[in-house]
>>> print(open('query-v3.pdb').read())   # PDB, C-alpha atoms
ATOM      1  CA  MET A   1      36.879  -9.683  -8.237
ATOM      2  CA  GLY A   2      38.546  -6.734  -9.909
ATOM      3  CA  ASP A   3      37.709  -5.300 -13.339
ATOM      4  CA  LEU A   4      35.710  -2.426 -11.799
ATOM      5  CA  ASN A   5      36.474  -0.384 -14.912
ATOM      6  CA  PHE A   6      34.061  -2.614 -16.887
ATOM      7  CA  ILE A   7      31.116  -1.787 -14.599
ATOM      8  CA  ASP A   8      28.915   1.005 -15.875
ATOM      9  CA  GLN A   9      25.810   2.507 -14.239
ATOM     10  CA  SER A  10      23.486  -0.081 -15.780
ATOM     11  CA  ILE A  11      25.573  -3.036 -14.583
ATOM     12  CA  ALA A  12      26.040  -1.414 -11.157
ATOM     13  CA  THR A  13      22.270  -0.967 -10.854
ATOM     14  CA  CYS A  14      21.586  -4.615 -11.702
ATOM     15  CA  LEU A  15      24.241  -5.915  -9.312
ATOM     16  CA  TYR A  16      23.081  -3.599  -6.521
ATOM     17  CA  THR A  17      19.468  -4.726  -6.986
ATOM     18  CA  GLY A  18      20.416  -8.399  -6.824
ATOM     19  CA  ILE A  19      22.556  -7.987  -3.725
ATOM     20  CA  MET A  20      19.967  -5.783  -2.005
ATOM     21  CA  THR A  21      17.127  -8.261  -2.525
ATOM     22  CA  ASP A  22      19.264 -11.303  -1.725
ATOM     23  CA  THR A  23      20.377  -9.802   1.591
ATOM     24  CA  GLY A  24      16.914  -8.564   2.618
ATOM     25  CA  SER A  25      18.086  -4.961   2.261
ATOM     26  CA  PHE A  26      21.367  -5.818   3.984
ATOM     27  CA  ARG A  27      19.778  -7.002   7.228
ATOM     28  CA  PHE A  28      20.627 -10.717   7.240
ATOM     29  CA  ARG A  29      23.520 -12.032   9.296
ATOM     30  CA  SER A  30      25.225 -13.269   6.134
ATOM     31  CA  THR A  31      25.639  -9.618   5.064
ATOM     32  CA  THR A  32      29.288  -8.943   5.802
ATOM     33  CA  SER A  33      31.535  -5.915   5.730
ATOM     34  CA  THR A  34      32.742  -7.209   2.353
ATOM     35  CA  THR A  35      29.161  -6.986   1.073
ATOM     36  CA  HIS A  36      29.033  -3.333   2.130
ATOM     37  CA  ARG A  37      32.373  -2.600   0.469
ATOM     38  CA  VAL A  38      31.075  -4.126  -2.788
ATOM     39  CA  ILE A  39      27.905  -2.022  -2.480
ATOM     40  CA  ALA A  40      30.013   1.107  -1.919
ATOM     41  CA  HIS A  41      31.859   0.418  -5.196
ATOM     42  CA  LEU A  42      28.523  -0.056  -6.999
ATOM     43  CA  ILE A  43      27.226   3.259  -5.662
ATOM     44  CA  ASP A  44      30.460   4.896  -6.805
ATOM     45  CA  LYS A  45      29.789   3.421 -10.263
ATOM     46  CA  GLY A  46      26.338   5.025 -10.408
ATOM     47  CA  ALA A  47      23.894   2.682  -8.664
ATOM     48  CA  GLU A  48      21.274   4.995  -7.160
ATOM     49  CA  ASN A  49      20.530   3.140  -3.918
ATOM     50  CA  ASP A  50      17.505   5.215  -2.857
ATOM     51  CA  ARG A  51      15.910   4.981  -6.315
ATOM     52  CA  ILE A  52      16.539   1.223  -6.572
ATOM     53  CA  HIS A  53      15.097   0.592  -3.094
ATOM     54  CA  GLY A  54      12.035   2.668  -3.954
ATOM     55  CA  LYS A  55      11.408   0.830  -7.225
ATOM     56  CA  VAL A  56      11.738  -2.584  -5.585
ATOM     57  CA  TYR A  57       9.999  -2.041  -2.252
ATOM     58  CA  ASP A  58       7.839   1.071  -2.512
ATOM     59  CA  ALA A  59       6.276   0.748  -5.980
ATOM     60  CA  ASN A  60       2.982  -0.994  -5.270
ATOM     61  CA  SER A  61      -0.050  -1.632  -7.408
ATOM     62  CA  TYR A  62      -3.499  -1.868  -5.871
ATOM     63  CA  GLY A  63      -3.520  -5.612  -6.565
ATOM     64  CA  ARG A  64      -0.144  -6.134  -4.917
ATOM     65  CA  LEU A  65      -1.313  -4.391  -1.736
ATOM     66  CA  GLN A  66      -4.517  -6.444  -1.762
ATOM     67  CA  LEU A  67      -2.400  -9.596  -2.132
ATOM     68  CA  LEU A  68      -0.291  -8.477   0.825
ATOM     69  CA  GLY A  69      -3.509  -8.035   2.813
ATOM     70  CA  GLN A  70      -4.585 -11.539   1.840
ATOM     71  CA  SER A  71      -1.176 -12.873   2.847
ATOM     72  CA  LEU A  72      -1.384 -11.219   6.261
ATOM     73  CA  THR A  73      -4.921 -12.553   6.722
ATOM     74  CA  ASN A  74      -3.549 -16.056   6.073
ATOM     75  CA  LEU A  75      -0.666 -15.615   8.555
ATOM     76  CA  LYS A  76      -0.531 -18.324  11.246
ATOM     77  CA  THR A  77       1.822 -18.943  14.154
ATOM     78  CA  ILE A  78       3.182 -22.031  15.846
ATOM     79  CA  GLU A  79       3.859 -20.220  19.101
ATOM     80  CA  ASP A  80       5.544 -23.044  21.024
ATOM     81  CA  CYS A  81       8.056 -23.283  18.148
ATOM     82  CA  ARG A  82       8.633 -19.522  17.616
ATOM     83  CA  THR A  83       7.497 -20.041  14.013
ATOM     84  CA  ALA A  84       5.054 -18.282  11.680
ATOM     85  CA  TYR A  85       3.906 -19.088   8.164
ATOM     86  CA  ILE A  86       1.805 -17.651   5.369
ATOM     87  CA  THR A  87      -0.111 -19.478   2.652
ATOM     88  CA  LEU A  88      -1.274 -18.197  -0.728
ATOM     89  CA  SER A  89      -3.409 -20.331  -2.993
ATOM     90  CA  ASP A  90      -3.523 -19.981  -6.765
ATOM     91  CA  GLU A  91      -7.110 -18.768  -6.424
ATOM     92  CA  GLU A  92      -6.102 -16.027  -3.979
ATOM     93  CA  LYS A  93      -3.282 -14.928  -6.282
ATOM     94  CA  SER A  94      -5.689 -14.751  -9.229
ATOM     95  CA  MET A  95      -8.251 -12.739  -7.233
ATOM     96  CA  HIS A  96      -5.660 -10.008  -6.758
ATOM     97  CA  GLY A  97      -4.120  -9.983 -10.244
ATOM     98  CA  PHE A  98      -0.863 -11.626  -9.175
ATOM     99  CA  LYS A  99       2.255 -10.734 -11.139
ATOM    100  CA  LYS A 100       5.705 -12.242 -10.700
ATOM    101  CA  GLY A 101       7.482 -10.419  -7.900
ATOM    102  CA  ASP A 102       4.312  -9.462  -6.015
ATOM    103  CA  THR A 103       5.207 -11.741  -3.102
ATOM    104  CA  GLU A 104       8.834 -10.585  -2.842
ATOM    105  CA  GLY A 105       9.583  -9.911   0.827
ATOM    106  CA  VAL A 106       6.166 -10.981   2.146
ATOM    107  CA  VAL A 107       7.726 -13.775   4.221
ATOM    108  CA  ASN A 108       9.604 -11.094   6.184
ATOM    109  CA  TYR A 109       6.309  -9.886   7.689
ATOM    110  CA  ALA A 110       5.961 -13.264   9.381
ATOM    111  CA  LEU A 111       9.558 -13.067  10.618
ATOM    112  CA  SER A 112       8.913  -9.579  12.033
ATOM    113  CA  LEU A 113       6.441 -10.894  14.634
ATOM    114  CA  ASP A 114       7.556 -10.657  18.249
ATOM    115  CA  ASP A 115       9.227 -13.881  19.397
ATOM    116  CA  VAL A 116       9.233 -15.449  15.900
ATOM    117  CA  VAL A 117      12.634 -16.711  14.718
ATOM    118  CA  PHE A 118      11.551 -18.963  11.822
ATOM    119  CA  ALA A 119       9.133 -17.982   9.054
ATOM    120  CA  ALA A 120       7.845 -19.457   5.817
ATOM    121  CA  ILE A 121       5.556 -18.614   2.947
ATOM    122  CA  PHE A 122       3.905 -21.292   0.802
ATOM    123  CA  ILE A 123       2.765 -20.145  -2.632
ATOM    124  CA  GLU A 124       0.696 -22.507  -4.732
ATOM    125  CA  ASP A 125       1.573 -22.734  -8.431
ATOM    126  CA  ILE A 126      -1.001 -24.960 -10.118
ATOM    127  CA  GLU A 127       0.588 -24.492 -13.549
ATOM    128  CA  LEU A 128       3.915 -25.944 -12.354
ATOM    129  CA  GLY A 129       2.226 -28.392  -9.995
ATOM    130  CA  ILE A 130       4.285 -27.268  -7.003
ATOM    131  CA  ILE A 131       4.199 -25.206  -3.862
ATOM    132  CA  LYS A 132       6.966 -22.597  -3.880
ATOM    133  CA  ILE A 133       8.472 -22.075  -0.448
ATOM    134  CA  SER A 134      10.508 -19.190   0.976
ATOM    135  CA  LEU A 135      12.089 -19.596   4.396
ATOM    136  CA  ARG A 136      13.657 -17.002   6.708
ATOM    137  CA  SER A 137      15.216 -17.215  10.153
ATOM    138  CA  LYS A 138      16.965 -15.175  12.800
ATOM    139  CA  GLY A 139      19.978 -16.500  14.638
ATOM    140  CA  SER A 140      21.607 -19.873  14.201
ATOM    141  CA  PHE A 141      18.726 -21.967  12.828
ATOM    142  CA  SER A 142      19.813 -22.708   9.242
ATOM    143  CA  VAL A 143      16.914 -22.540   6.823
ATOM    144  CA  ASN A 144      19.427 -23.496   4.136
ATOM    145  CA  THR A 145      19.937 -26.890   5.801
ATOM    146  CA  PHE A 146      16.183 -27.211   6.452
ATOM    147  CA  ALA A 147      15.314 -26.430   2.805
ATOM    148  CA  ARG A 148      17.941 -28.828   1.441
ATOM    149  CA  LYS A 149      16.909 -31.662   3.725
ATOM    150  CA  TYR A 150      13.128 -31.421   3.384
ATOM    151  CA  PHE A 151      12.106 -29.247   0.436
ATOM    152  CA  ASP A 152      14.546 -29.811  -2.448
ATOM    153  CA  GLY A 153      15.967 -26.332  -2.017
ATOM    154  CA  GLY A 154      18.700 -24.285  -0.470
ATOM    155  CA  GLY A 155      20.099 -20.804  -0.074
ATOM    156  CA  HIS A 156      21.762 -19.083   2.856
ATOM    157  CA  ASP A 157      21.667 -19.821   6.576
ATOM    158  CA  ASN A 158      18.940 -17.226   7.197
ATOM    159  CA  ALA A 159      17.240 -17.062   3.778
ATOM    160  CA  ALA A 160      16.433 -20.053   1.600
ATOM    161  CA  GLY A 161      13.806 -21.469  -0.686
ATOM    162  CA  GLY A 162      12.414 -24.779  -1.738
ATOM    163  CA  ARG A 163       9.480 -26.571  -3.268
ATOM    164  CA  SER A 164       6.950 -29.257  -2.567
ATOM    165  CA  GLU A 165       4.984 -31.449  -4.930
ATOM    166  CA  LEU A 166       2.331 -32.109  -2.277
ATOM    167  CA  ASN A 167      -0.800 -29.960  -2.347
ATOM    168  CA  LEU A 168      -0.868 -26.757  -0.282
ATOM    169  CA  SER A 169      -2.625 -28.259   2.729
ATOM    170  CA  ASP A 170      -0.400 -31.338   2.870
ATOM    171  CA  THR A 171       2.728 -29.201   2.448
ATOM    172  CA  VAL A 172       1.721 -27.043   5.412
ATOM    173  CA  ASP A 173       0.909 -30.134   7.506
ATOM    174  CA  ARG A 174       4.343 -31.568   6.707
ATOM    175  CA  PHE A 175       5.993 -28.244   7.569
ATOM    176  CA  ILE A 176       4.231 -28.082  10.946
ATOM    177  CA  GLU A 177       5.333 -31.642  11.747
ATOM    178  CA  LEU A 178       8.934 -30.854  10.764
ATOM    179  CA  VAL A 179       8.932 -27.663  12.820
ATOM    180  CA  GLN A 180       7.689 -29.573  15.841
ATOM    181  CA  ASN A 181      10.474 -32.136  15.301
ATOM    182  CA  HIS A 182      13.004 -29.258  15.338
ATOM    183  CA  GLN A 183      11.308 -27.325  18.163
ATOM    184  CA  GLN A 184      14.257 -27.209  20.562
ATOM    185  CA  GLU A 185      16.719 -26.240  17.838
ATOM    186  CA  ILE A 186      14.429 -23.430  16.638
ATOM    187  CA  ILE A 187      13.452 -21.945  19.997
ATOM    188  CA  SER A 188      17.029 -21.879  21.281
ATOM    189  CA  SER A 189      18.525 -20.500  18.045
ATOM    190  CA  TYR A 190      18.033 -16.819  18.794
ATOM    191  CA  GLU A 191      18.089 -14.770  21.969
ATOM    192  CA  GLU A 192      17.274 -11.087  21.819
TER
END
>>> encode(input="query-v3.pdb", output="structure tokens")
Amino acid sequence: MGDLNFIDQSIATCLYTGIMTDTGSFRFRSTTSTTHRVIAHLIDKGAENDRIHGKVYDANSYGRLQLLGQSLTNLKTIEDCRTAYITLSDEEKSMHGFKKGDTEGVVNYALSLDDVVFAAIFIEDIELGIIKISLRSKGSFSVNTFARKYFDGGGHDNAAGGRSELNLSDTVDRFIELVQNHQQEIISSYEE
């Protein structure tokens, strides 16, 4: 976009952090060579990539790690659809002293399972009366399209979010039904 002379270390750090988290640490297919060139300019302007990564991904509180453990305990698979999902209730969040940002990246654990190409996390928010949803995929299955069509959301082809006004259980039941309706599209979307 130009105007690099207006970017100082503070601005470079903020931009780098946003791009890093939005691209899943630069691992999603939507991360292009242009993205890496932009990141190179931000590093040249003072963004400390190792420090930023450490602050975002390696700085854990006891409660955050306990919440991750709870999330992994709640992990389920829909094997015939190459799909996995995680649920977190408001009660479970409260038990572990949930703070905003504590679930950042948790959905990627579900996506990391062998043979899984579509993953979701459903996070109950009683105060807002919604279930917050994060979706991730590998390959050509567009979670952006899926989120827009079914969960009032959107994002990128391989990383999107949405919401549901159903309760947690009903949201998961709806998700499972939708996944089964898209089974062929999901299972054929990614070959290793």
>>> residues_around(input="query-v3.pdb", residues="segment 105-114 of chain A", least_positions_apart="6", cutoff="6 Å", atoms="all atoms listed in the file", output="list in words")
Ala84, Ala120 and Ile121 of chain A
>>> atom_distance(input="query-v3.pdb", atom1="atom CA of Glu79 of chain A", atom2="atom CA of Asp173 of chain A")
15.5 Å
>>> closest_residue(input="query-v3.pdb", among="A:Gln184, A:Gln9, A:Thr21, A:Ser61", to="His41 of chain A", atoms="only C-alpha atoms")
A:Gln9
>>> closest_residue(input="query-v3.pdb", among="A:Ser189, A:Thr83, A:Ser134, A:Thr103", to="Ile176 of chain A", atoms="only C-alpha atoms")
A:Thr83
>>> residues_around(input="query-v3.pdb", residues="Gly101 of chain A", least_positions_apart="5", cutoff="12 Å", atoms="all atoms listed in the file", output="list in words")
Thr21, Lys55, Val56, Tyr57, Ala59, Asn60, Ser61, Arg64, Leu67, Leu68, Lys93 and Val106 of chain A
>>> closest_residue(input="query-v3.pdb", among="A:Ile19, A:Leu128, A:Arg27, A:Asn167", to="Leu88 of chain A", atoms="all atoms listed in the file")
A:Asn167
>>> residues_around(input="query-v3.pdb", residues="Phe28 of chain A", least_positions_apart="3", cutoff="9 Å", atoms="all atoms listed in the file", output="mmCIF file with C-alpha atoms, keeping the file's coordinate frame")
data_model
loop_
_atom_site.group_PDB
_atom_site.id
_atom_site.type_symbol
_atom_site.label_atom_id
_atom_site.label_comp_id
_atom_site.auth_asym_id
_atom_site.auth_seq_id
_atom_site.Cartn_x
_atom_site.Cartn_y
_atom_site.Cartn_z
ATOM 1 C CA THR A 23 20.377 -9.802 1.591
ATOM 2 C CA GLY A 24 16.914 -8.564 2.618
ATOM 3 C CA SER A 25 18.086 -4.961 2.261
ATOM 4 C CA THR A 31 25.639 -9.618 5.064
ATOM 5 C CA THR A 32 29.288 -8.943 5.802
ATOM 6 C CA SER A 137 15.216 -17.215 10.153
ATOM 7 C CA LYS A 138 16.965 -15.175 12.800
ATOM 8 C CA ASN A 158 18.940 -17.226 7.197
ATOM 9 C CA ALA A 159 17.240 -17.062 3.778
#
>>> atom_distance(input="query-v3.pdb", atom1="atom CA of Ala160 of chain A", atom2="atom CA of Arg136 of chain A")
6.6 Å
>>> closest_residue(input="query-v3.pdb", among="A:Glu92, A:Ile7, A:Gln70, A:Phe151", to="Ile43 of chain A", atoms="only C-alpha atoms")
A:Ile7
>>> closest_residue(input="query-v3.pdb", among="A:Ala147, A:Asp152, A:Gly162, A:Ser89", to="Leu178 of chain A", atoms="all atoms listed in the file")
A:Ala147
>>> atom_distance(input="query-v3.pdb", atom1="atom CA of Phe146 of chain A", atom2="atom CA of Phe175 of chain A")
10.3 Å
>>> closest_residue(input="query-v3.pdb", among="A:Asp157, A:Glu124, A:Asp115, A:Asp90", to="Glu192 of chain A", atoms="all atoms listed in the file")
A:Asp115
>>> resolve_selection(input="query-v3.pdb", expression="the PyMOL selection byres ((chain A and resi 131) around 8)", output="compact mmCIF listing (two decimals) with C-alpha atoms, keeping the file's coordinate frame")
# COMPACT_ATOMS: atom_id res chain seq x y z
CA PHE A 122 3.90 -21.29 0.80
CA ILE A 123 2.76 -20.14 -2.63
CA GLU A 124 0.70 -22.51 -4.73
CA ASP A 125 1.57 -22.73 -8.43
CA GLY A 129 2.23 -28.39 -9.99
CA ILE A 130 4.28 -27.27 -7.00
CA LYS A 132 6.97 -22.60 -3.88
CA ILE A 133 8.47 -22.08 -0.45
CA ARG A 163 9.48 -26.57 -3.27
CA SER A 164 6.95 -29.26 -2.57
CA GLU A 165 4.98 -31.45 -4.93
CA LEU A 166 2.33 -32.11 -2.28
CA ASN A 167 -0.80 -29.96 -2.35
CA LEU A 168 -0.87 -26.76 -0.28
CA THR A 171 2.73 -29.20 2.45
>>> axis_aligned_box(input="query-v3.pdb", around="segment 85-102 of chain A", padding_each_side="8 Å", output="JSON")
{"center_x": -0.4, "center_y": -14.9, "center_z": -1.5, "size_x": 31.7, "size_y": 26.9, "size_z": 35.3}
